[in-house]
>>> print(open('run24.tsv').read())   # TSV, C-alpha atoms
chain	number	residue	atom	x	y	z
A	6	MET	CA	-14.29	107.35	-1.02
A	7	ARG	CA	-17.89	108.47	-0.37
A	8	THR	CA	-18.70	108.94	3.30
A	9	ASP	CA	-22.09	110.64	3.06
A	10	THR	CA	-24.37	107.78	2.03
A	11	PRO	CA	-27.86	109.00	3.05
A	12	PRO	CA	-29.41	105.54	3.60
A	13	LEU	CA	-26.75	104.58	6.15
A	14	GLU	CA	-27.05	107.92	7.90
A	15	SER	CA	-30.79	107.35	8.17
A	16	LEU	CA	-30.01	104.12	10.03
A	17	GLY	CA	-27.96	106.04	12.60
A	18	PHE	CA	-24.46	105.56	11.19
A	19	THR	CA	-21.99	108.40	11.74
A	20	SER	CA	-19.73	109.61	8.93
A	21	ALA	CA	-16.76	107.86	10.57
A	22	GLN	CA	-18.69	104.60	10.83
A	23	ILE	CA	-19.78	104.82	7.19
A	24	SER	CA	-16.17	105.36	6.06
A	25	LEU	CA	-15.00	102.45	8.19
A	26	TYR	CA	-17.79	100.17	6.97
A	27	ASN	CA	-16.95	100.94	3.33
A	28	ALA	CA	-13.31	100.12	4.06
A	29	VAL	CA	-14.27	96.77	5.60
A	30	LEU	CA	-16.42	96.01	2.57
A	31	ARG	CA	-13.53	96.71	0.20
A	32	LEU	CA	-10.90	94.81	2.16
A	33	HIS	CA	-13.43	92.18	3.29
A	34	ARG	CA	-11.00	90.72	5.86
A	35	ALA	CA	-8.58	93.01	7.67
A	36	THR	CA	-7.07	93.80	11.04
A	37	CYS	CA	-7.69	97.06	12.87
A	38	ALA	CA	-4.21	98.24	11.90
A	39	GLU	CA	-4.81	97.48	8.21
A	40	LEU	CA	-8.09	99.37	8.29
A	41	ALA	CA	-6.43	102.33	10.01
A	42	GLU	CA	-3.78	102.38	7.31
A	43	ALA	CA	-6.44	102.28	4.57
A	44	LEU	CA	-8.21	105.24	6.17
A	45	ASP	CA	-5.03	107.16	7.10
A	46	GLY	CA	-6.12	107.09	10.72
A	47	SER	CA	-5.12	105.83	14.15
A	48	PRO	CA	-6.01	102.27	15.25
A	49	GLU	CA	-7.04	103.33	18.77
A	50	PRO	CA	-10.19	105.38	17.95
A	51	LEU	CA	-10.93	102.97	15.10
A	52	SER	CA	-11.28	100.03	17.49
A	53	HIS	CA	-14.22	101.73	19.22
A	54	GLU	CA	-16.03	102.26	15.92
A	55	LEU	CA	-15.32	98.65	14.91
A	56	ALA	CA	-16.85	97.43	18.17
A	57	THR	CA	-19.99	99.43	17.32
A	58	LEU	CA	-20.20	97.89	13.83
A	59	VAL	CA	-19.78	94.43	15.34
A	60	ARG	CA	-22.55	95.17	17.84
A	61	LEU	CA	-24.83	96.34	15.03
A	62	GLY	CA	-24.19	93.05	13.25
A	63	VAL	CA	-22.81	94.47	10.00
A	64	VAL	CA	-19.23	93.36	10.69
A	65	HIS	CA	-17.97	90.11	12.18
A	66	GLU	CA	-14.79	89.83	14.26
A	67	GLN	CA	-12.78	86.62	14.07
A	68	GLY	CA	-9.32	86.09	15.52
A	69	GLY	CA	-8.43	89.78	15.46
A	70	GLU	CA	-9.63	90.23	11.89
A	71	TYR	CA	-12.81	92.01	10.81
A	72	LEU	CA	-14.97	90.48	8.10
A	73	ALA	CA	-17.80	92.17	6.24
A	74	ARG	CA	-21.14	90.42	6.40
A	75	HIS	CA	-23.15	90.44	3.18
A	76	PRO	CA	-24.82	93.89	3.02
A	77	ALA	CA	-28.21	92.42	2.13
A	78	THR	CA	-28.14	90.34	5.32
A	79	ALA	CA	-26.54	92.93	7.58
A	80	LEU	CA	-28.53	95.97	6.52
A	81	GLY	CA	-31.68	93.91	6.05
A	82	HIS	CA	-31.48	93.01	9.74
A	83	LEU	CA	-31.13	96.69	10.69
A	84	LEU	CA	-34.00	97.68	8.43
A	85	ALA	CA	-36.21	94.95	9.88
A	86	ASP	CA	-35.39	96.16	13.39
A	87	ARG	CA	-36.21	99.75	12.38
A	88	LEU	CA	-39.50	98.64	10.81
A	89	ASP	CA	-40.39	96.72	13.99
A	90	ARG	CA	-39.78	99.85	16.05
A	91	LEU	CA	-41.83	101.95	13.63
A	92	ALA	CA	-44.66	99.40	13.81
A	93	ALA	CA	-44.51	99.47	17.61
A	94	GLU	CA	-44.65	103.28	17.55
A	95	SER	CA	-47.59	103.12	15.14
A	96	ARG	CA	-49.41	100.74	17.49
A	97	ARG	CA	-48.80	103.12	20.39
A	98	ILE	CA	-50.23	105.99	18.35
A	99	ASP	CA	-53.26	103.87	17.42
A	100	THR	CA	-53.76	103.06	21.11
A	101	VAL	CA	-53.72	106.75	22.01
A	102	VAL	CA	-56.17	107.56	19.21
A	103	GLY	CA	-58.42	104.68	20.30
A	104	SER	CA	-58.36	105.87	23.91
A	105	ILE	CA	-59.89	109.21	22.96
A	106	ARG	CA	-63.30	107.57	22.59
A	107	ASP	CA	-63.01	106.04	26.07
A	108	LEU	CA	-62.01	109.39	27.52
A	109	ILE	CA	-65.05	110.99	25.90
A	110	HIS	CA	-67.26	108.31	27.47
A	111	GLN	CA	-65.74	109.03	30.87
A	112	TYR	CA	-66.41	112.73	30.35
A	113	ASP	CA	-70.03	111.97	29.42
A	114	ALA	CA	-70.34	109.60	32.39
A	115	GLY	CA	-69.20	112.31	34.78
A	116	ARG	CA	-71.62	114.82	33.26
A	117	ASP	CA	-74.50	112.34	33.51
A	118	TYR	CA	-73.56	111.56	37.11
A	119	GLN	CA	-73.74	115.25	38.01
A	120	THR	CA	-77.03	115.89	36.22
A	121	GLY	CA	-78.64	112.60	37.32
A	122	ARG	CA	-79.71	111.59	33.80
A	123	PHE	CA	-80.15	107.82	33.95
A	124	SER	CA	-82.38	105.89	31.56
A	125	VAL	CA	-83.54	102.45	32.78
A	126	ASP	CA	-86.17	100.35	30.99
A	127	LEU	CA	-87.52	97.03	32.23
A	128	VAL	CA	-87.70	94.41	29.51
A	129	GLY	CA	-89.49	91.10	30.02
A	130	GLY	CA	-89.54	87.91	28.01
A	131	ALA	CA	-87.03	86.03	25.87
A	132	ASP	CA	-88.52	87.23	22.58
A	133	GLU	CA	-88.28	90.84	23.73
A	134	LEU	CA	-84.66	90.35	24.76
A	135	TYR	CA	-83.45	88.98	21.46
A	136	GLU	CA	-85.63	91.33	19.41
A	137	SER	CA	-84.40	94.37	21.34
A	138	VAL	CA	-80.80	93.45	20.50
A	139	ILE	CA	-81.65	93.06	16.80
A	140	GLY	CA	-83.57	96.35	16.92
A	141	MET	CA	-80.55	98.22	18.32
A	142	ALA	CA	-78.35	96.57	15.67
A	143	VAL	CA	-80.65	97.70	12.85
A	144	GLN	CA	-80.53	101.28	14.12
A	145	ALA	CA	-76.72	101.47	14.33
A	146	PRO	CA	-74.97	98.66	12.45
A	147	PRO	CA	-72.66	97.00	13.17
A	148	LEU	CA	-73.61	96.90	16.85
A	149	GLU	CA	-70.74	95.77	19.06
A	150	LEU	CA	-72.38	93.26	21.37
A	151	LEU	CA	-70.68	91.78	24.43
A	152	SER	CA	-72.70	89.04	26.11
A	153	VAL	CA	-72.13	86.81	29.14
A	154	ILE	CA	-74.46	83.82	29.60
A	155	PRO	CA	-73.97	81.78	32.78
A	156	ASP	CA	-76.40	78.83	32.64
A	157	ARG	CA	-77.37	75.75	30.64
A	158	ARG	CA	-81.06	76.60	30.33
A	159	THR	CA	-80.42	79.98	28.68
A	160	MET	CA	-77.85	78.42	26.35
A	161	ASN	CA	-80.31	75.64	25.50
A	162	ASP	CA	-82.95	78.25	24.62
A	163	PHE	CA	-80.37	80.10	22.56
A	164	ALA	CA	-79.35	76.99	20.61
A	165	HIS	CA	-82.89	75.84	19.81
A	166	ARG	CA	-84.83	79.09	19.47
A	167	TYR	CA	-82.74	82.23	18.99
A	168	ALA	CA	-79.28	81.38	17.63
A	169	ASP	CA	-80.36	81.71	14.00
A	170	GLN	CA	-81.44	85.34	14.59
A	171	TRP	CA	-78.05	86.37	15.94
A	172	ILE	CA	-76.16	84.29	13.38
A	173	GLY	CA	-78.12	85.95	10.57
A	174	ALA	CA	-77.53	89.41	12.05
A	175	GLN	CA	-73.81	88.70	12.44
A	176	ARG	CA	-73.58	87.41	8.88
A	177	ALA	CA	-75.46	90.45	7.56
A	178	GLY	CA	-73.07	92.85	9.28
A	179	LEU	CA	-75.63	94.10	11.80
A	180	LEU	CA	-73.80	92.58	14.79
A	181	SER	CA	-70.17	92.27	15.85
A	182	THR	CA	-70.22	90.00	18.88
A	183	ARG	CA	-68.00	88.60	21.59
A	184	ASN	CA	-69.60	86.02	23.84
A	185	ILE	CA	-68.59	84.25	27.06
A	186	ILE	CA	-70.34	81.02	28.07
A	187	PRO	CA	-69.77	78.31	30.71
A	188	VAL	CA	-67.66	75.46	29.38
A	189	GLN	CA	-70.19	72.91	30.75
A	190	THR	CA	-72.84	74.14	28.32
A	191	LEU	CA	-70.87	72.77	25.36
A	192	GLU	CA	-72.48	69.40	26.13
A	193	ILE	CA	-75.90	70.73	25.07
A	194	PRO	CA	-77.16	68.93	21.92
A	195	ALA	CA	-76.99	71.06	18.76
A	196	LEU	CA	-75.07	73.84	20.53
A	197	ARG	CA	-71.74	73.01	18.90
A	198	GLU	CA	-73.30	73.28	15.44
A	199	LYS	CA	-74.84	76.67	16.25
A	200	LEU	CA	-71.66	78.03	17.83
A	201	THR	CA	-69.64	76.89	14.81
A	202	GLN	CA	-72.06	78.69	12.50
A	203	PHE	CA	-71.88	81.75	14.76
A	204	GLN	CA	-68.08	81.75	14.57
A	205	GLN	CA	-68.10	81.26	10.81
A	206	ALA	CA	-70.33	84.34	10.59
A	207	GLY	CA	-67.63	86.30	12.45
A	208	ALA	CA	-68.55	86.00	16.14
A	209	SER	CA	-65.90	85.43	18.83
A	210	ILE	CA	-66.72	82.95	21.60
A	211	ARG	CA	-64.80	81.94	24.72
A	212	THR	CA	-65.56	79.78	27.75
A	213	LEU	CA	-65.13	80.01	31.51
A	214	ASP	CA	-65.59	77.39	34.19
A	215	THR	CA	-68.00	79.70	36.00
A	216	VAL	CA	-69.63	82.97	34.97
A	217	PRO	CA	-70.60	85.45	37.73
A	218	SER	CA	-73.87	86.70	36.23
A	219	TRP	CA	-75.72	87.32	33.03
A	220	PHE	CA	-75.24	90.73	31.39
A	221	LEU	CA	-74.69	92.31	28.00
A	222	VAL	CA	-73.17	95.50	26.61
A	223	ALA	CA	-74.69	96.84	23.40
A	224	GLY	CA	-72.46	99.42	21.76
A	225	SER	CA	-71.26	102.35	23.83
A	226	ASP	CA	-74.63	103.52	25.11
A	227	ALA	CA	-76.63	100.56	26.44
A	228	ALA	CA	-76.20	97.62	28.80
A	229	GLY	CA	-78.49	94.85	29.98
A	230	VAL	CA	-78.38	93.59	33.57
A	231	PRO	CA	-80.58	90.93	35.19
A	232	ALA	CA	-83.38	91.76	37.57
A	233	ARG	CA	-81.19	90.08	40.23
A	234	TRP	CA	-77.41	90.19	39.81
A	235	GLY	CA	-75.94	86.72	39.87
A	236	GLY	CA	-79.16	85.20	38.65
A	237	THR	CA	-79.88	83.60	35.31
A	238	LEU	CA	-82.15	84.90	32.60
A	239	ALA	CA	-84.39	81.88	32.40
A	240	GLU	CA	-85.14	81.67	36.12
A	241	SER	CA	-86.10	85.37	36.09
A	242	ALA	CA	-88.51	84.86	33.17
A	243	TYR	CA	-86.02	86.81	31.04
A	244	ASN	CA	-86.73	90.02	32.92
A	245	PHE	CA	-83.83	92.47	32.77
A	246	HIS	CA	-83.05	96.15	32.96
A	247	LEU	CA	-81.84	97.95	29.84
A	248	VAL	CA	-79.67	100.77	31.19
A	249	ARG	CA	-78.53	103.70	29.05
A	250	THR	CA	-75.85	105.60	30.91
A	251	PRO	CA	-72.08	105.62	30.36
A	252	VAL	CA	-71.30	104.93	34.03
A	253	VAL	CA	-72.95	101.49	33.93
A	254	VAL	CA	-71.95	100.72	30.33
A	255	ASP	CA	-68.27	101.43	30.99
A	256	ALA	CA	-68.27	99.45	34.24
A	257	LEU	CA	-69.79	96.38	32.59
A	258	ARG	CA	-67.48	96.70	29.60
A	259	SER	CA	-64.48	96.68	31.97
A	260	LEU	CA	-65.88	93.60	33.73
A	261	PHE	CA	-66.40	91.86	30.40
A	262	ASP	CA	-62.83	92.61	29.28
A	263	GLU	CA	-61.52	91.15	32.55
A	264	LEU	CA	-63.56	87.96	32.08
A	265	TRP	CA	-62.59	87.77	28.40
A	266	ALA	CA	-58.89	87.88	29.29
A	267	ARG	CA	-59.37	84.88	31.62
A	268	ALA	CA	-61.59	82.91	29.23
A	269	ALA	CA	-60.40	80.15	26.88
A	270	PRO	CA	-61.27	79.68	23.20
A	271	LEU	CA	-63.71	76.98	22.22
A	272	PRO	CA	-62.02	73.55	22.31
A	273	TRP	CA	-62.33	73.04	18.58
A	274	PRO	CA	-60.68	74.95	15.73
A	275	ARG	CA	-62.52	77.76	14.05
A	276	ARG	CA	-60.95	77.45	10.63
A	277	GLY	CA	-61.25	74.60	8.15
A	278	ASP	CA	-58.99	71.63	7.61
A	279	GLY	CA	-56.56	73.62	5.44
A	280	MET	CA	-55.13	75.56	8.36
A	281	ILE	CA	-54.74	72.38	10.41
A	282	GLN	CA	-53.01	70.61	7.52
A	283	VAL	CA	-50.25	73.20	7.20
A	284	LEU	CA	-49.71	73.24	10.99
A	285	ARG	CA	-49.41	69.45	11.10
A	286	LEU	CA	-46.93	69.34	8.22
A	287	ALA	CA	-44.88	72.20	9.67
A	288	ALA	CA	-44.74	70.34	13.00
A	289	GLN	CA	-43.11	67.47	11.08
A	290	GLY	CA	-40.40	69.82	9.79
A	291	VAL	CA	-41.78	70.19	6.25
A	292	CYS	CA	-40.85	73.48	4.52
A	293	ASP	CA	-43.39	75.82	2.87
A	294	GLU	CA	-42.54	74.72	-0.67
A	295	MET	CA	-42.93	71.02	0.18
A	296	ILE	CA	-46.20	71.70	2.03
A	297	ALA	CA	-47.50	73.47	-1.08
A	298	ARG	CA	-46.55	70.48	-3.27
A	299	GLN	CA	-48.11	67.93	-0.93
A	300	LEU	CA	-51.38	69.84	-0.62
A	301	GLY	CA	-51.51	70.97	-4.24
A	302	ILE	CA	-51.69	74.67	-3.36
A	303	SER	CA	-49.44	77.69	-3.87
A	304	VAL	CA	-46.73	78.77	-1.42
A	305	ARG	CA	-48.66	82.03	-0.98
A	306	THR	CA	-51.73	80.06	0.15
A	307	VAL	CA	-49.58	78.08	2.60
A	308	ARG	CA	-48.29	81.30	4.14
A	309	ALA	CA	-51.78	82.79	4.25
A	310	ARG	CA	-52.95	79.74	6.21
A	311	PHE	CA	-50.05	80.17	8.63
A	312	ALA	CA	-51.11	83.81	9.10
A	313	ASP	CA	-54.69	82.69	9.78
A	314	ALA	CA	-53.42	80.15	12.32
A	315	MET	CA	-51.29	82.72	14.13
A	316	ALA	CA	-54.22	85.16	14.31
A	317	GLU	CA	-56.60	82.44	15.49
A	318	LEU	CA	-54.20	81.18	18.15
A	319	GLY	CA	-52.98	84.61	19.27
A	320	ALA	CA	-49.38	83.65	18.40
A	321	GLN	CA	-46.51	85.94	17.44
A	322	SER	CA	-44.56	83.31	15.52
A	323	ARG	CA	-45.06	80.00	13.75
A	324	PHE	CA	-43.32	78.22	16.60
A	325	GLN	CA	-45.77	79.70	19.12
A	326	ALA	CA	-48.67	78.82	16.81
A	327	GLY	CA	-47.50	75.20	16.60
A	328	ALA	CA	-47.07	74.95	20.37
A	329	GLU	CA	-50.52	76.44	21.05
A	330	ALA	CA	-52.15	74.23	18.39
A	331	ALA	CA	-50.57	71.17	20.01
A	332	ARG	CA	-51.78	72.30	23.45
A	333	ARG	CA	-55.34	72.56	22.14
A	334	GLY	CA	-55.16	69.14	20.52
A	335	TRP	CA	-55.43	70.40	16.94
A	336	LEU	CA	-52.46	68.36	15.70
A	337	THR	CA	-53.61	64.93	16.91
>>> encode(input="run24.tsv", output="structure tokens")
Amino acid sequence: MRTDTPPLESLGFTSAQISLYNAVLRLHRATCAELAEALDGSPEPLSHELATLVRLGVVHEQGGEYLARHPATALGHLLADRLDRLAAESRRIDTVVGSIRDLIHQYDAGRDYQTGRFSVDLVGGADELYESVIGMAVQAPPLELLSVIPDRRTMNDFAHRYADQWIGAQRAGLLSTRNIIPVQTLEIPALREKLTQFQQAGASIRTLDTVPSWFLVAGSDAAGVPARWGGTLAESAYNFHLVRTPVVVDALRSLFDELWARAAPLPWPRRGDGMIQVLRLAAQGVCDEMIARQLGISVRTVRARFADAMAELGAQSRFQAGAEAARRGWLT
């Protein structure tokens, strides 16, 4: 009997557990005493190892007898668990690597604070505002732009005069934007069409009941703040300060992230009807293969649409995606 199977050892099995597992596989259904006899061992220490195999899910205990689960199912479960842990470890490593940039910014912020190097430019006028953003994007594409717009008048100006510029820049890969707007502004005529186009170009948009003030963060080096904090752009004739120092940029980025976490997605789906169709059919208990037949698409396409839905809804499972879609009214 082989007791040194490398794959099982890599999953954490000891030599004794591997021998015991192989014996259970061969006998398929046996008592502890029968297994001890097959292995020329004592039942007492064997019972502890059997309990471990049961806990791992590779062996099933029933009425004092031990049954082998199908290896593909049992070991597949262990492999999936190992892969999940490896993925979690990989995400932690990615987080650490990603934090290096933030730490560098904090270092630069402290150095700038000590030397007093602060760059502040006053910008006036709506055209100058939107053109300055596009100008920064052209110099260092794609420019990560975080914007917070608190009032109807500014959003109305955006919808009717400036949206196409940002949509075009987003579509061309010059901008990568996240935007927070007041939920009341969604009533503005033509705004829904522009926001839908903006999303389709790749922008992310969320809403809040109230927004504390207008501001923007452009990349890692620049931020725009109003001439009066808490005020709106339009009422200040679009005058704002363009600040280039890590201290201010990092502070406003942290504020934006806090607001973003509280904000809600737009109350209409971002994707097309295909994603909604598979969610509706799944909610009715229809399997992937039947969904594919009903919609005239491949099973792979069905699963890709489920993946899109989970990403869009921030869900970790299909069940969560269905629940969140129902909450947002997508399935009605």
>>> closest_residue(input="run24.tsv", among="A:Gly178, A:Gly290, A:Gly140, A:Pro76", to="A:Leu30", atoms="all atoms listed in the file")
A:Pro76
>>> closest_atom_pairs(input="run24.tsv", of="stretch 227-262 of chain A", to="stretch 184-195 of chain A", cutoff="12 Å", atoms="only C-alpha atoms", output="tab-separated table")
residue	atom	partner	partner_atom	distance
A:Leu260	CA	A:Ile185	CA	11.8
A:Phe261	CA	A:Ile185	CA	8.6
A:Asp262	CA	A:Ile185	CA	10.4
>>> residues_around(input="run24.tsv", residues="stretch 123-134 of chain A", least_positions_apart="3", cutoff="8 Å", atoms="all atoms listed in the file", output="PDB file with C-alpha atoms, in the coordinates of the input")
ATOM      1  CA  ASP A 117     -74.500 112.340  33.510  1.00  0.00           C
ATOM      2  CA  SER A 137     -84.400  94.370  21.340  1.00  0.00           C
ATOM      3  CA  VAL A 138     -80.800  93.450  20.500  1.00  0.00           C
ATOM      4  CA  ALA A 242     -88.510  84.860  33.170  1.00  0.00           C
ATOM      5  CA  TYR A 243     -86.020  86.810  31.040  1.00  0.00           C
ATOM      6  CA  ASN A 244     -86.730  90.020  32.920  1.00  0.00           C
ATOM      7  CA  PHE A 245     -83.830  92.470  32.770  1.00  0.00           C
ATOM      8  CA  HIS A 246     -83.050  96.150  32.960  1.00  0.00           C
ATOM      9  CA  LEU A 247     -81.840  97.950  29.840  1.00  0.00           C
ATOM     10  CA  VAL A 248     -79.670 100.770  31.190  1.00  0.00           C
ATOM     11  CA  ARG A 249     -78.530 103.700  29.050  1.00  0.00           C
ATOM     12  CA  THR A 250     -75.850 105.600  30.910  1.00  0.00           C
TER      13      THR A 250
END
>>> atom_distance(input="run24.tsv", atom1="atom CA of A:Ala145", atom2="atom CA of A:Ser95")
29.2 Å
>>> atom_distance(input="run24.tsv", atom1="atom CA of A:Val59", atom2="atom CA of A:Ser15")
18.4 Å
>>> atom_distance(input="run24.tsv", atom1="atom CA of A:Gly68", atom2="atom CA of A:Leu84")
28.2 Å
>>> closest_residue(input="run24.tsv", among="A:Leu13, A:Leu179, A:Ala331, A:Ile281", to="A:Val307", atoms="only C-alpha atoms")
A:Ile281
>>> closest_residue(input="run24.tsv", among="A:Cys37, A:Leu264, A:Leu80, A:Ser47", to="A:Gln67", atoms="all atoms listed in the file")
A:Cys37
>>> axis_aligned_box(input="run24.tsv", around="stretch 58-66 of chain A", padding_each_side="4 Å", output="AutoDock Vina command-line options")
--center_x -19.8 --center_y 93.9 --center_z 13.9 --size_x 18.0 --size_y 16.1 --size_z 15.8
>>> closest_residue(input="run24.tsv", among="A:Arg258, A:Arg310, A:Arg96, A:Arg267", to="A:Gln282", atoms="all atoms listed in the file")
A:Arg310
>>> residues_around(input="run24.tsv", residues="A:Glu54", least_positions_apart="5", cutoff="8 Å", atoms="only C-alpha atoms", output="PyMOL selection string")
chain A and resi 21-22+25
>>> residues_around(input="run24.tsv", residues="A:Arg323", least_positions_apart="6", cutoff="9 Å", atoms="all atoms listed in the file", output="compact mmCIF listing (two decimals) with C-alpha atoms, keeping the file's coordinate frame")
# COMPACT_ATOMS: atom_id res chain seq x y z
CA LEU A 284 -49.71 73.24 10.99
CA ALA A 287 -44.88 72.20 9.67
CA PHE A 311 -50.05 80.17 8.63
CA ALA A 312 -51.11 83.81 9.10
CA ALA A 314 -53.42 80.15 12.32
CA MET A 315 -51.29 82.72 14.13
>>> closest_residue(input="run24.tsv", among="A:Val29, A:Met160, A:Met295, A:Ala43", to="A:Leu55", atoms="only C-alpha atoms")
A:Val29
>>> closest_residue(input="run24.tsv", among="A:Ala35, A:Leu196, A:Leu148, A:Ala41", to="A:Gln175", atoms="all atoms listed in the file")
A:Leu148
